[in-house]
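Content type mmCIF, C-alpha atoms (C1' of nucleotides), from the file entry-v8.cif:
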data_query
loop_
_atom_site.label_atom_id
_atom_site.label_comp_id
_atom_site.auth_asym_id
_atom_site.auth_seq_id
_atom_site.Cartn_x
_atom_site.Cartn_y
_atom_site.Cartn_z
CA MET T 1 249.63 98.66 156.01
CA LYS T 2 247.93 98.27 152.67
CA ASN T 3 246.49 101.70 152.14
CA PRO T 4 248.31 103.54 149.33
CA LEU T 5 247.71 106.74 151.23
CA GLY T 6 250.57 105.55 153.41
CA MET T 7 252.80 105.59 150.36
CA ALA T 8 251.66 109.11 149.53
CA VAL T 9 252.56 110.24 153.03
CA LEU T 10 256.03 108.72 152.82
CA GLY T 11 256.48 110.39 149.47
CA LEU T 12 255.58 113.77 150.88
CA LEU T 13 257.77 113.47 153.94
CA LEU T 14 260.68 112.72 151.66
CA GLU T 15 260.67 116.43 150.91
CA SER T 16 260.15 117.78 154.39
CA PRO T 17 258.48 116.98 157.73
CA LEU T 18 254.82 117.90 157.97
CA HIS T 19 251.82 117.60 160.24
CA PRO T 20 248.83 115.57 159.05
CA HIS T 21 246.64 118.47 158.10
CA ALA T 22 249.40 119.93 155.96
CA MET T 23 249.82 116.56 154.26
CA ALA T 24 246.19 116.50 153.26
CA ALA T 25 246.34 120.10 152.08
CA THR T 26 249.47 119.52 149.99
CA LEU T 27 248.14 116.34 148.49
CA ARG T 28 244.93 118.03 147.46
CA ASP T 29 246.53 121.05 146.06
CA ARG T 30 248.90 119.12 143.93
CA GLY T 31 245.89 117.26 142.59
CA MET T 32 247.19 114.00 143.97
CA ASP T 33 243.77 113.34 145.41
CA ARG T 34 242.93 112.03 141.98
CA ALA T 35 245.31 109.12 142.54
CA PHE T 36 244.90 108.65 146.28
CA LYS T 37 241.73 108.61 148.29
CA VAL T 38 242.47 111.18 150.92
CA THR T 39 239.93 111.45 153.70
CA THR T 40 240.82 113.01 157.02
CA GLY T 41 239.77 110.07 159.12
CA SER T 42 241.90 107.61 157.20
CA LEU T 43 244.84 109.95 157.12
CA TYR T 44 245.19 110.03 160.89
CA ASP T 45 244.85 106.25 161.07
CA VAL T 46 247.46 105.82 158.38
CA VAL T 47 249.88 108.15 160.11
CA ARG T 48 249.46 106.18 163.31
CA ALA T 49 250.14 102.97 161.42
CA LEU T 50 253.28 104.39 159.81
CA VAL T 51 254.56 105.35 163.24
CA ARG T 52 253.82 101.86 164.50
CA GLU T 53 255.88 100.40 161.68
CA GLY T 54 258.73 102.76 162.42
CA TRP T 55 258.67 104.41 159.00
CA ILE T 56 257.92 107.88 160.30
CA GLU T 57 258.33 109.50 163.71
CA ALA T 58 257.03 112.53 165.57
CA ARG T 59 259.58 115.31 165.37
CA GLU T 60 257.93 118.02 167.46
CA THR T 61 254.55 119.27 168.49
CA VAL T 62 253.93 122.96 168.00
CA LYS T 63 251.13 125.03 169.34
CA VAL T 64 250.11 128.09 167.37
CA GLY T 65 247.57 130.28 169.12
CA ALA T 66 244.85 128.35 170.89
CA ARG T 67 244.44 125.81 168.08
CA PRO T 68 244.88 122.10 168.61
CA GLU T 69 248.50 121.05 168.70
CA ARG T 70 250.15 120.06 165.50
CA THR T 71 252.39 117.04 165.63
CA ILE T 72 255.01 117.17 162.93
CA TYR T 73 256.20 113.88 161.49
CA GLY T 74 259.38 113.12 159.63
CA LEU T 75 260.67 110.13 157.70
CA THR T 76 263.02 107.59 159.27
CA ALA T 77 265.73 105.80 157.33
CA ALA T 78 263.54 102.69 157.28
CA GLY T 79 260.73 104.82 155.92
CA GLN T 80 262.82 106.00 152.99
CA GLU T 81 263.66 102.47 152.01
CA GLU T 82 260.13 101.32 152.46
CA PHE T 83 258.87 104.05 150.18
CA THR T 84 260.96 102.87 147.26
CA ARG T 85 260.13 99.23 147.89
CA TRP T 86 256.47 100.14 148.01
CA VAL T 87 256.46 101.99 144.70
CA ASP T 88 258.50 99.26 143.10
CA ARG T 89 256.18 96.53 144.23
CA LEU T 90 253.04 98.31 143.10
CA VAL T 91 254.54 98.94 139.68
CA ARG T 92 255.82 95.39 139.26
CA GLU T 93 252.84 93.42 140.47
CA PRO T 94 249.40 94.04 139.06
CA GLN T 95 246.90 93.71 141.90
CA ALA T 96 243.53 92.07 141.50
CA GLU T 97 241.17 95.01 141.61
CA PHE T 98 237.42 95.14 141.40
CA PRO T 99 236.25 98.29 139.65
CA LYS T 100 232.54 98.80 140.13
CA PHE T 101 231.92 99.04 136.42
CA LEU T 102 233.33 95.57 135.93
CA SER T 103 230.78 94.27 138.43
CA ALA T 104 227.99 96.14 136.73
CA VAL T 105 228.95 94.90 133.28
CA SER T 106 228.67 91.36 134.59
CA TYR T 107 224.96 91.99 134.96
CA LEU T 108 224.46 94.21 131.95
CA GLY T 109 221.81 91.77 130.75
CA ALA T 110 219.48 92.91 133.52
CA LEU T 111 218.91 96.25 131.80
CA GLY T 112 217.52 94.83 128.59
CA PRO T 113 218.88 95.92 125.22
CA ALA T 114 217.30 99.37 125.19
CA GLY T 115 218.11 100.11 128.81
CA ALA T 116 221.67 98.96 128.40
CA VAL T 117 222.27 101.14 125.39
CA GLU T 118 220.85 104.17 127.14
CA ALA T 119 222.89 103.68 130.27
CA LEU T 120 226.06 103.01 128.28
CA ARG T 121 225.58 106.15 126.24
CA GLU T 122 225.21 108.22 129.35
CA ARG T 123 228.37 106.71 130.75
CA ALA T 124 230.12 107.51 127.50
CA ASP T 125 229.17 111.18 127.84
CA ARG T 126 230.50 111.33 131.33
CA LEU T 127 233.69 109.57 130.37
CA ARG T 128 234.24 112.03 127.56
CA ALA T 129 233.89 114.91 129.99
CA SER T 130 236.24 113.22 132.37
CA VAL T 131 238.92 112.72 129.72
CA GLU T 132 238.74 116.36 128.80
CA GLU T 133 239.04 117.42 132.41
CA ILE T 134 242.09 115.23 132.88
CA ARG T 135 243.74 116.55 129.73
CA ARG T 136 242.98 120.14 130.66
CA SER T 137 244.49 119.97 134.10
CA HIS T 138 247.42 117.96 132.81
CA ALA T 139 248.18 120.58 130.21
CA ALA T 140 247.99 123.26 132.87
CA ALA T 141 250.30 121.35 135.18
CA LEU T 142 252.86 120.87 132.42
CA GLY T 143 253.55 124.57 132.59
CA GLU T 144 254.62 124.25 136.20
CA VAL T 145 256.43 120.97 136.68
CA PRO T 146 258.33 118.37 134.65
CA ARG T 147 256.26 115.84 132.78
CA LEU T 148 257.49 112.93 134.90
CA PHE T 149 255.71 114.40 137.90
CA VAL T 150 252.33 114.39 136.25
CA ILE T 151 252.70 111.26 134.19
CA GLU T 152 249.87 109.61 136.09
CA ALA T 153 247.44 111.91 134.32
CA GLU T 154 248.55 110.46 131.01
CA TYR T 155 247.84 107.01 132.32
CA ALA T 156 244.44 108.02 133.67
CA ALA T 157 243.51 109.63 130.38
CA ARG T 158 244.53 106.59 128.37
CA MET T 159 242.60 104.21 130.54
CA THR T 160 239.51 106.38 130.48
CA GLU T 161 239.72 106.60 126.70
CA ALA T 162 240.03 102.85 126.43
CA GLU T 163 236.92 102.41 128.52
CA LEU T 164 235.10 105.02 126.49
CA ALA T 165 235.95 103.24 123.26
CA TRP T 166 234.73 99.94 124.62
CA VAL T 167 231.51 101.40 125.96
CA GLU T 168 230.68 103.03 122.64
CA GLU T 169 231.53 99.90 120.74
CA VAL T 170 229.29 97.71 122.86
CA ALA T 171 226.43 100.22 122.73
CA GLY T 172 226.76 100.23 118.96
CA GLU T 173 226.84 96.47 118.77
CA ILE T 174 223.71 96.14 120.84
CA GLU T 175 221.85 98.64 118.70
CA ALA T 176 222.97 96.91 115.56
CA GLY T 177 221.70 93.63 116.97
CA GLY T 178 225.18 92.19 117.01
CA LEU T 179 224.96 91.22 120.66
CA ALA T 180 222.10 88.82 121.24
CA TRP T 181 219.81 89.11 124.24
CA PRO T 182 218.79 85.69 125.51
CA GLU T 183 215.31 85.37 127.04
CA GLU T 184 216.10 84.33 130.54
CA GLY T 185 218.35 86.56 132.70
CA ARG T 186 221.10 84.22 133.85
CA MET D 1 225.09 99.28 151.20
CA LYS D 2 227.95 100.10 148.87
CA ASN D 3 229.56 96.73 148.42
CA PRO D 4 229.00 95.39 144.88
CA LEU D 5 228.91 91.93 146.38
CA GLY D 6 225.41 92.88 147.47
CA MET D 7 224.50 93.35 143.83
CA ALA D 8 225.95 89.97 142.98
CA VAL D 9 223.83 88.36 145.67
CA LEU D 10 220.67 90.02 144.38
CA GLY D 11 221.57 88.87 140.90
CA LEU D 12 221.95 85.29 142.04
CA LEU D 13 218.75 85.22 144.04
CA LEU D 14 216.92 86.38 140.95
CA GLU D 15 217.32 82.83 139.71
CA SER D 16 216.50 80.96 142.89
CA PRO D 17 216.73 81.22 146.69
CA LEU D 18 220.04 80.14 148.18
CA HIS D 19 221.93 80.00 151.44
CA PRO D 20 225.10 82.08 151.79
CA HIS D 21 227.55 79.26 151.35
CA ALA D 22 225.87 78.24 148.12
CA MET D 23 226.05 81.83 146.89
CA ALA D 24 229.78 81.92 147.38
CA ALA D 25 230.20 78.56 145.71
CA THR D 26 228.09 79.51 142.71
CA LEU D 27 229.82 82.85 142.31
CA ARG D 28 233.22 81.23 142.35
CA ASP D 29 232.34 78.48 140.03
CA ARG D 30 230.93 80.79 137.44
CA GLY D 31 234.16 82.73 137.63
CA MET D 32 232.35 85.81 138.88
CA ASP D 33 234.95 86.14 141.59
CA ARG D 34 237.00 87.92 138.98
CA ALA D 35 234.52 90.79 139.01
CA PHE D 36 233.44 90.66 142.65
CA LYS D 37 235.59 90.31 145.70
CA VAL D 38 233.97 87.40 147.44
CA THR D 39 235.25 86.61 150.91
CA THR D 40 233.19 84.63 153.39
CA GLY D 41 233.30 87.20 156.12
CA SER D 42 232.02 89.99 153.93
CA LEU D 43 229.39 87.79 152.38
CA TYR D 44 227.63 87.18 155.68
CA ASP D 45 227.79 90.89 156.53
CA VAL D 46 226.39 91.78 153.13
CA VAL D 47 223.55 89.31 153.44
CA ARG D 48 222.65 90.77 156.83
CA ALA D 49 222.68 94.25 155.31
CA LEU D 50 220.43 93.18 152.44
CA VAL D 51 217.94 91.76 154.93
CA ARG D 52 218.06 95.01 156.89
CA GLU D 53 217.22 96.94 153.73
CA GLY D 54 214.34 94.58 152.98
CA TRP D 55 215.75 93.45 149.66
CA ILE D 56 216.04 89.81 150.61
CA GLU D 57 214.39 87.74 153.31
CA ALA D 58 214.94 84.42 155.06
CA ARG D 59 212.73 81.81 153.47
CA GLU D 60 213.48 78.78 155.60
CA THR D 61 216.21 77.26 157.66
CA VAL D 62 217.03 73.70 156.90
CA LYS D 63 219.07 71.32 158.93
CA VAL D 64 220.82 68.51 157.11
CA GLY D 65 222.40 66.01 159.44
CA ALA D 66 224.09 67.61 162.42
CA ARG D 67 225.61 70.45 160.41
CA PRO D 68 224.99 74.07 161.22
CA GLU D 69 221.63 75.27 160.00
CA ARG D 70 221.43 76.74 156.58
CA THR D 71 219.27 79.81 156.22
CA ILE D 72 217.92 80.15 152.74
CA TYR D 73 217.32 83.65 151.44
CA GLY D 74 215.08 84.79 148.64
CA LEU D 75 214.54 88.07 146.84
CA THR D 76 211.71 90.42 147.78
CA ALA D 77 209.88 92.58 145.24
CA ALA D 78 211.85 95.58 146.49
CA GLY D 79 215.01 93.58 146.00
CA GLN D 80 214.25 92.90 142.36
CA GLU D 81 213.74 96.58 141.67
CA GLU D 82 216.81 97.52 143.60
CA PHE D 83 218.92 95.12 141.59
CA THR D 84 218.07 96.79 138.31
CA ARG D 85 218.49 100.26 139.75
CA TRP D 86 221.84 99.22 141.11
CA VAL D 87 223.17 97.89 137.82
CA ASP D 88 221.81 100.89 136.00
CA ARG D 89 223.45 103.36 138.32
CA LEU D 90 226.84 101.66 138.21
CA VAL D 91 226.75 101.60 134.43
CA ARG D 92 225.62 105.22 134.08
CA GLU D 93 227.87 106.88 136.62
CA PRO D 94 231.60 106.36 136.54
CA GLN D 95 232.83 106.19 140.11
CA ALA D 96 236.05 107.76 141.24
CA GLU D 97 238.28 104.76 141.80
CA PHE D 98 241.83 104.55 142.98
CA PRO D 99 243.68 101.67 141.36
CA LYS D 100 246.94 101.00 143.12
CA PHE D 101 248.93 101.30 139.93
CA LEU D 102 247.70 104.86 139.47
CA SER D 103 249.07 105.69 142.91
CA ALA D 104 252.36 104.03 142.13
CA VAL D 105 252.75 105.80 138.80
CA SER D 106 252.40 109.10 140.65
CA TYR D 107 255.70 108.31 142.29
CA LEU D 108 257.37 106.56 139.39
CA GLY D 109 260.19 109.08 139.66
CA ALA D 110 261.34 107.48 142.91
CA LEU D 111 262.62 104.41 141.05
CA GLY D 112 265.08 106.25 138.86
CA PRO D 113 265.13 105.73 135.09
CA ALA D 114 266.69 102.29 135.14
CA GLY D 115 264.61 101.03 138.03
CA ALA D 116 261.42 102.33 136.50
CA VAL D 117 262.08 100.63 133.18
CA GLU D 118 262.83 97.35 134.86
CA ALA D 119 259.74 97.42 137.03
CA LEU D 120 257.54 98.48 134.12
CA ARG D 121 258.84 95.67 131.95
CA GLU D 122 258.08 93.13 134.62
CA ARG D 123 254.58 94.50 134.94
CA ALA D 124 254.21 94.26 131.18
CA ASP D 125 255.07 90.56 131.30
CA ARG D 126 252.53 89.90 133.97
CA LEU D 127 249.89 91.90 132.15
CA ARG D 128 250.49 89.90 129.01
CA ALA D 129 250.00 86.68 130.93
CA SER D 130 246.87 88.07 132.48
CA VAL D 131 245.36 89.03 129.12
CA GLU D 132 245.99 85.57 127.80
CA GLU D 133 244.40 84.00 130.83
CA ILE D 134 241.31 86.17 130.45
CA ARG D 135 241.02 85.39 126.75
CA ARG D 136 241.46 81.69 127.34
CA SER D 137 238.77 81.38 129.93
CA HIS D 138 236.49 83.65 127.97
CA ALA D 139 236.83 81.47 124.91
CA ALA D 140 236.09 78.40 127.01
CA ALA D 141 233.01 80.02 128.54
CA LEU D 142 231.67 80.99 125.13
CA GLY D 143 231.07 77.33 124.45
CA GLU D 144 228.71 77.12 127.41
CA VAL D 145 226.77 80.36 127.63
CA PRO D 146 225.70 83.28 125.46
CA ARG D 147 228.24 86.01 124.91
CA LEU D 148 226.24 88.60 126.83
CA PHE D 149 226.77 86.64 130.03
CA VAL D 150 230.54 86.79 129.79
CA ILE D 151 230.88 90.21 128.25
CA GLU D 152 232.74 91.47 131.31
CA ALA D 153 235.73 89.39 130.25
CA GLU D 154 235.91 91.35 127.02
CA TYR D 155 235.97 94.56 129.02
CA ALA D 156 238.63 93.24 131.36
CA ALA D 157 240.78 92.12 128.46
CA ARG D 158 240.51 95.46 126.70
CA MET D 159 241.41 97.43 129.77
CA THR D 160 244.35 95.20 130.54
CA GLU D 161 245.59 95.57 126.98
CA ALA D 162 245.29 99.32 127.18
CA GLU D 163 247.37 99.34 130.32
CA LEU D 164 249.89 97.02 128.76
CA ALA D 165 250.28 99.29 125.76
CA TRP D 166 250.80 102.31 127.97
CA VAL D 167 253.32 100.57 130.18
CA GLU D 168 255.38 99.44 127.22
CA GLU D 169 255.22 102.83 125.63
CA VAL D 170 256.44 104.61 128.74
CA ALA D 171 259.21 102.09 129.32
CA GLY D 172 260.32 102.64 125.75
CA GLU D 173 260.22 106.40 126.12
CA ILE D 174 262.32 106.33 129.25
CA GLU D 175 264.92 104.13 127.60
CA ALA D 176 265.01 106.35 124.56
CA GLY D 177 265.56 109.33 126.84
CA GLY D 178 262.27 110.86 125.78
CA LEU D 179 261.08 111.26 129.35
CA ALA D 180 263.42 113.46 131.31
CA TRP D 181 264.42 112.64 134.88
CA PRO D 182 264.78 115.80 136.94
CA GLU D 183 267.41 115.76 139.69
CA GLU D 184 265.32 116.24 142.76
CA GLY D 185 262.53 113.73 143.46
CA ARG D 186 259.50 115.87 143.98
"C1'" DC I 1 234.71 147.18 163.95
"C1'" DC I 2 231.65 143.35 163.12
"C1'" DT I 3 230.17 139.32 160.85
"C1'" DC I 4 230.36 135.18 158.44
"C1'" DA I 5 232.53 132.03 155.38
"C1'" DA I 6 236.60 129.55 154.85
"C1'" DA I 7 240.50 127.45 156.64
"C1'" DT I 8 242.86 125.07 160.53
"C1'" DA I 9 243.39 120.79 162.98
"C1'" DC I 10 241.81 116.90 164.79
"C1'" DT I 11 238.55 113.21 167.29
"C1'" DC I 12 235.10 109.98 167.55
"C1'" DG I 13 232.25 106.08 166.81
"C1'" DG I 14 229.69 103.40 163.79
"C1'" DA I 15 230.11 100.63 159.67
"C1'" DT I 16 232.58 97.52 157.07
"C1'" DC I 17 235.95 94.29 155.84
"C1'" DC I 18 237.87 89.93 156.08
"C1'" DG I 19 241.07 86.15 157.43
"C1'" DA I 20 241.62 82.75 160.84
"C1'" DG I 21 239.51 79.63 162.94
"C1'" DC I 22 235.91 75.82 164.38
"C1'" DG I 23 233.24 71.96 164.49
"C1'" DA I 24 231.01 69.18 161.96
"C1'" DT I 25 230.31 65.60 157.90
"C1'" DC I 26 231.36 63.16 153.65
"C1'" DG I 27 234.04 60.18 150.45
"C1'" DG I 28 237.51 57.29 149.34
"C1'" DA I 29 241.84 54.56 150.29
"C1'" DG I 30 243.47 50.86 152.74
"C1'" DC V 1 235.33 49.59 159.32
"C1'" DT V 2 238.35 53.36 160.15
"C1'" DC V 3 241.19 57.08 159.27
"C1'" DC V 4 242.16 61.51 156.80
"C1'" DG V 5 241.75 65.14 153.90
"C1'" DA V 6 238.33 67.90 151.56
"C1'" DT V 7 234.14 70.20 151.82
"C1'" DC V 8 230.44 72.28 154.39
"C1'" DG V 9 228.77 76.38 156.70
"C1'" DC V 10 229.39 79.78 159.68
"C1'" DT V 11 231.27 83.00 163.69
"C1'" DC V 12 234.31 85.99 165.69
"C1'" DG V 13 237.17 89.84 166.62
"C1'" DG V 14 240.73 92.80 165.18
"C1'" DA V 15 241.83 96.13 161.68
"C1'" DT V 16 240.46 99.65 158.83
"C1'" DC V 17 237.74 103.11 156.87
"C1'" DC V 18 235.68 107.45 156.89
"C1'" DG V 19 232.04 111.01 157.39
"C1'" DA V 20 230.20 114.00 160.64
"C1'" DG V 21 231.13 116.71 164.23
"C1'" DT V 22 233.95 120.13 167.19
"C1'" DA V 23 236.25 124.10 168.23
"C1'" DT V 24 239.15 127.67 167.00
"C1'" DT V 25 241.14 131.39 163.97
"C1'" DT V 26 241.92 134.09 160.03
"C1'" DG V 27 240.42 137.24 156.44
"C1'" DA V 28 237.50 139.63 153.32
"C1'" DG V 29 233.46 142.52 152.85
"C1'" DG V 30 230.39 145.75 154.39
#
Kindly present the structure from the file in structure tokens form.
Amino acid sequence: MKNPLGMAVLGLLLESPLHPHAMAATLRDRGMDRAFKVTTGSLYDVVRALVREGWIEARETVKVGARPERTIYGLTAAGQEEFTRWVDRLVREPQAEFPKFLSAVSYLGALGPAGAVEALRERADRLRASVEEIRRSHAAALGEVPRLFVIEAEYAARMTEAELAWVEEVAGEIEAGGLAWPEEGR
Amino acid sequence: MKNPLGMAVLGLLLESPLHPHAMAATLRDRGMDRAFKVTTGSLYDVVRALVREGWIEARETVKVGARPERTIYGLTAAGQEEFTRWVDRLVREPQAEFPKFLSAVSYLGALGPAGAVEALRERADRLRASVEEIRRSHAAALGEVPRLFVIEAEYAARMTEAELAWVEEVAGEIEAGGLAWPEEGR
DNA sequence: CCTCAAATACTCGGATCCGAGCGATCGGAG
DNA sequence: CTCCGATCGCTCGGATCCGAGTATTTGAGG
């Protein structure tokens, strides 16, 4: 069980038992799908895995009309503990991650000076838009819930801004000739 | 073909044809395994996928001693084009990514004020170490190759520093009571 | 009252990921 | 010359991921 979506599920069930579809719906409508990749397929796999580990359990299966049955899952005691341990571990220990942009930057040379500047500038535009979007929805959310519950937006905004600053700086440096372009692509 | 490792392979083959094991070795020894997740299993899958797409092709299979055959792959013309397009796209278009820390921060509340501060401080320590490590190896590399070829380390360092700053700031705010802890975990 | 888009709720199978092996061979210590 | 650990080079299969598809139901608009 590595998938953080599992953590999200535990977190939700802490409040009240739910069936998978409701989990997805809640997650999305709280905007948590910006922090967790929630796809239906994975969700059902994750739920099955959580059951296997004994962290959640089926509470009842209801049938409303002629729709497929809904199986409602609730947290076990072990699941509650696991949730806290999980959050704690992910906060404490930085994981080696491999953002795609990091990979791309490793081969920035391939674009040539002009191409690199152009691509970087376009990224910068998109990042700017993205920061604004984050700020906007964060501000909106602050009307509804305590700041602690939407603190991740502040983190996302900060990180995006940091990237934006770096991208603009490098684009500038290339244009100014401050970042030399060797002949041979490595 | 989504895996950035595919891009790394194309990038390597731009220099000279190689067999998979040599690709992994080269990648690791240039320290590119900090930007690409290189695991043997995936590598062979990725190579197969690149062949399927017609971006690389088997050039020859050599047998040295009684060891397993080595199949040497080289870039096709299509592969060269694809490489540039790939880098360009990843630079231009920010991808929605889901760093584990972002997920964890979404549930920071679960740790309680004291627990959160403690965990954040530990993360801060590790991040500091990580920045130093990046800087150190970047400085070392600068003796060997042009700056453009190790620019990704500058990006990594900046992003790690940004995270570090945020983590310390939030820990400080919690301690100072500037970030309220509602009763009920959401 | 009818239609059609949206929401409800999940399944399925192909694609991908990736660590644990496996069977060599090489290099150096004794 | 012989043993052993490191390196070479790859395969395999289980786990996971996830989008597309399925089948129903509700609700708003005409």
Write out as a PyMOL selection string each polymer residue whose atoms come within 10 Å of segment 7-13 of chain I, counting only C-alpha atoms (C1' of nucleotides); drop sequence neighbours fewer than 6 positions from it. (chain T and resi 19-22+40-41+44+67-70) or (chain V and resi 20-27)
Restricting it to C-alpha atoms (C1' of nucleotides), dump the selection as a short mmCIF file (atom, residue, chain, number, x, y, z; two decimals), in the coordinates of the input.
data_model
loop_
_atom_site.label_atom_id
_atom_site.label_comp_id
_atom_site.auth_asym_id
_atom_site.auth_seq_id
_atom_site.Cartn_x
_atom_site.Cartn_y
_atom_site.Cartn_z
CA HIS T 19 251.82 117.60 160.24
CA PRO T 20 248.83 115.57 159.05
CA HIS T 21 246.64 118.47 158.10
CA ALA T 22 249.40 119.93 155.96
CA THR T 40 240.82 113.01 157.02
CA GLY T 41 239.77 110.07 159.12
CA TYR T 44 245.19 110.03 160.89
CA ARG T 67 244.44 125.81 168.08
CA PRO T 68 244.88 122.10 168.61
CA GLU T 69 248.50 121.05 168.70
CA ARG T 70 250.15 120.06 165.50
"C1'" DA V 20 230.20 114.00 160.64
"C1'" DG V 21 231.13 116.71 164.23
"C1'" DT V 22 233.95 120.13 167.19
"C1'" DA V 23 236.25 124.10 168.23
"C1'" DT V 24 239.15 127.67 167.00
"C1'" DT V 25 241.14 131.39 163.97
"C1'" DT V 26 241.92 134.09 160.03
"C1'" DG V 27 240.42 137.24 156.44
#
Which neighbours of segment 84-101 of chain T fall inside 9 Å, counting only C-alpha atoms (C1' of nucleotides), when residues of the same chain fewer than 3 positions from it are skipped, and could you give them as number ranges by chain? T: 4, 7, 79-81, 104-106; D: 4, 34-37, 87, 90-91, 93-95, 97, 99-101, 103-105, 107-108, 110-111, 115-116, 118-124, 126-127
Prev. selection, C-alpha atoms, output as an mmCIF file, in the frame of the given file:
data_model
loop_
_atom_site.group_PDB
_atom_site.id
_atom_site.type_symbol
_atom_site.label_atom_id
_atom_site.label_comp_id
_atom_site.auth_asym_id
_atom_site.auth_seq_id
_atom_site.Cartn_x
_atom_site.Cartn_y
_atom_site.Cartn_z
ATOM 1 C CA PRO T 4 248.310 103.540 149.330
ATOM 2 C CA MET T 7 252.800 105.590 150.360
ATOM 3 C CA GLY T 79 260.730 104.820 155.920
ATOM 4 C CA GLN T 80 262.820 106.000 152.990
ATOM 5 C CA GLU T 81 263.660 102.470 152.010
ATOM 6 C CA ALA T 104 227.990 96.140 136.730
ATOM 7 C CA VAL T 105 228.950 94.900 133.280
ATOM 8 C CA SER T 106 228.670 91.360 134.590
ATOM 9 C CA PRO D 4 229.000 95.390 144.880
ATOM 10 C CA ARG D 34 237.000 87.920 138.980
ATOM 11 C CA ALA D 35 234.520 90.790 139.010
ATOM 12 C CA PHE D 36 233.440 90.660 142.650
ATOM 13 C CA LYS D 37 235.590 90.310 145.700
ATOM 14 C CA VAL D 87 223.170 97.890 137.820
ATOM 15 C CA LEU D 90 226.840 101.660 138.210
ATOM 16 C CA VAL D 91 226.750 101.600 134.430
ATOM 17 C CA GLU D 93 227.870 106.880 136.620
ATOM 18 C CA PRO D 94 231.600 106.360 136.540
ATOM 19 C CA GLN D 95 232.830 106.190 140.110
ATOM 20 C CA GLU D 97 238.280 104.760 141.800
ATOM 21 C CA PRO D 99 243.680 101.670 141.360
ATOM 22 C CA LYS D 100 246.940 101.000 143.120
ATOM 23 C CA PHE D 101 248.930 101.300 139.930
ATOM 24 C CA SER D 103 249.070 105.690 142.910
ATOM 25 C CA ALA D 104 252.360 104.030 142.130
ATOM 26 C CA VAL D 105 252.750 105.800 138.800
ATOM 27 C CA TYR D 107 255.700 108.310 142.290
ATOM 28 C CA LEU D 108 257.370 106.560 139.390
ATOM 29 C CA ALA D 110 261.340 107.480 142.910
ATOM 30 C CA LEU D 111 262.620 104.410 141.050
ATOM 31 C CA GLY D 115 264.610 101.030 138.030
ATOM 32 C CA ALA D 116 261.420 102.330 136.500
ATOM 33 C CA GLU D 118 262.830 97.350 134.860
ATOM 34 C CA ALA D 119 259.740 97.420 137.030
ATOM 35 C CA LEU D 120 257.540 98.480 134.120
ATOM 36 C CA ARG D 121 258.840 95.670 131.950
ATOM 37 C CA GLU D 122 258.080 93.130 134.620
ATOM 38 C CA ARG D 123 254.580 94.500 134.940
ATOM 39 C CA ALA D 124 254.210 94.260 131.180
ATOM 40 C CA ARG D 126 252.530 89.900 133.970
ATOM 41 C CA LEU D 127 249.890 91.900 132.150
#
Using only C-alpha atoms (C1' of nucleotides), I'd like a table of the residues in chain I that come within 10 Å of segment 9-13 of chain V; for each, show the closest atom pair and its distance in Å rounded to one decimal, ordered by chain and ascending number, as CSV.
residue,atom,partner,partner_atom,distance
I:DA20,C1',V:DC12,C1',9.4
I:DG21,C1',V:DC12,C1',8.7
I:DC22,C1',V:DT11,C1',8.6
I:DG23,C1',V:DC10,C1',10.0
I:DA24,C1',V:DG9,C1',9.2
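Atom CA of Thr61 of chain D lies 26.2 Å from atom CA of Asp33 of chain D.
Any residue of chain I with an atom no more than 10 Å from chain D counts as a contact; using only C-alpha atoms (C1' of nucleotides), that gives DA15, DT16, DC17, DC18, DG19, DG23, DA24 and DT25 of chain I.
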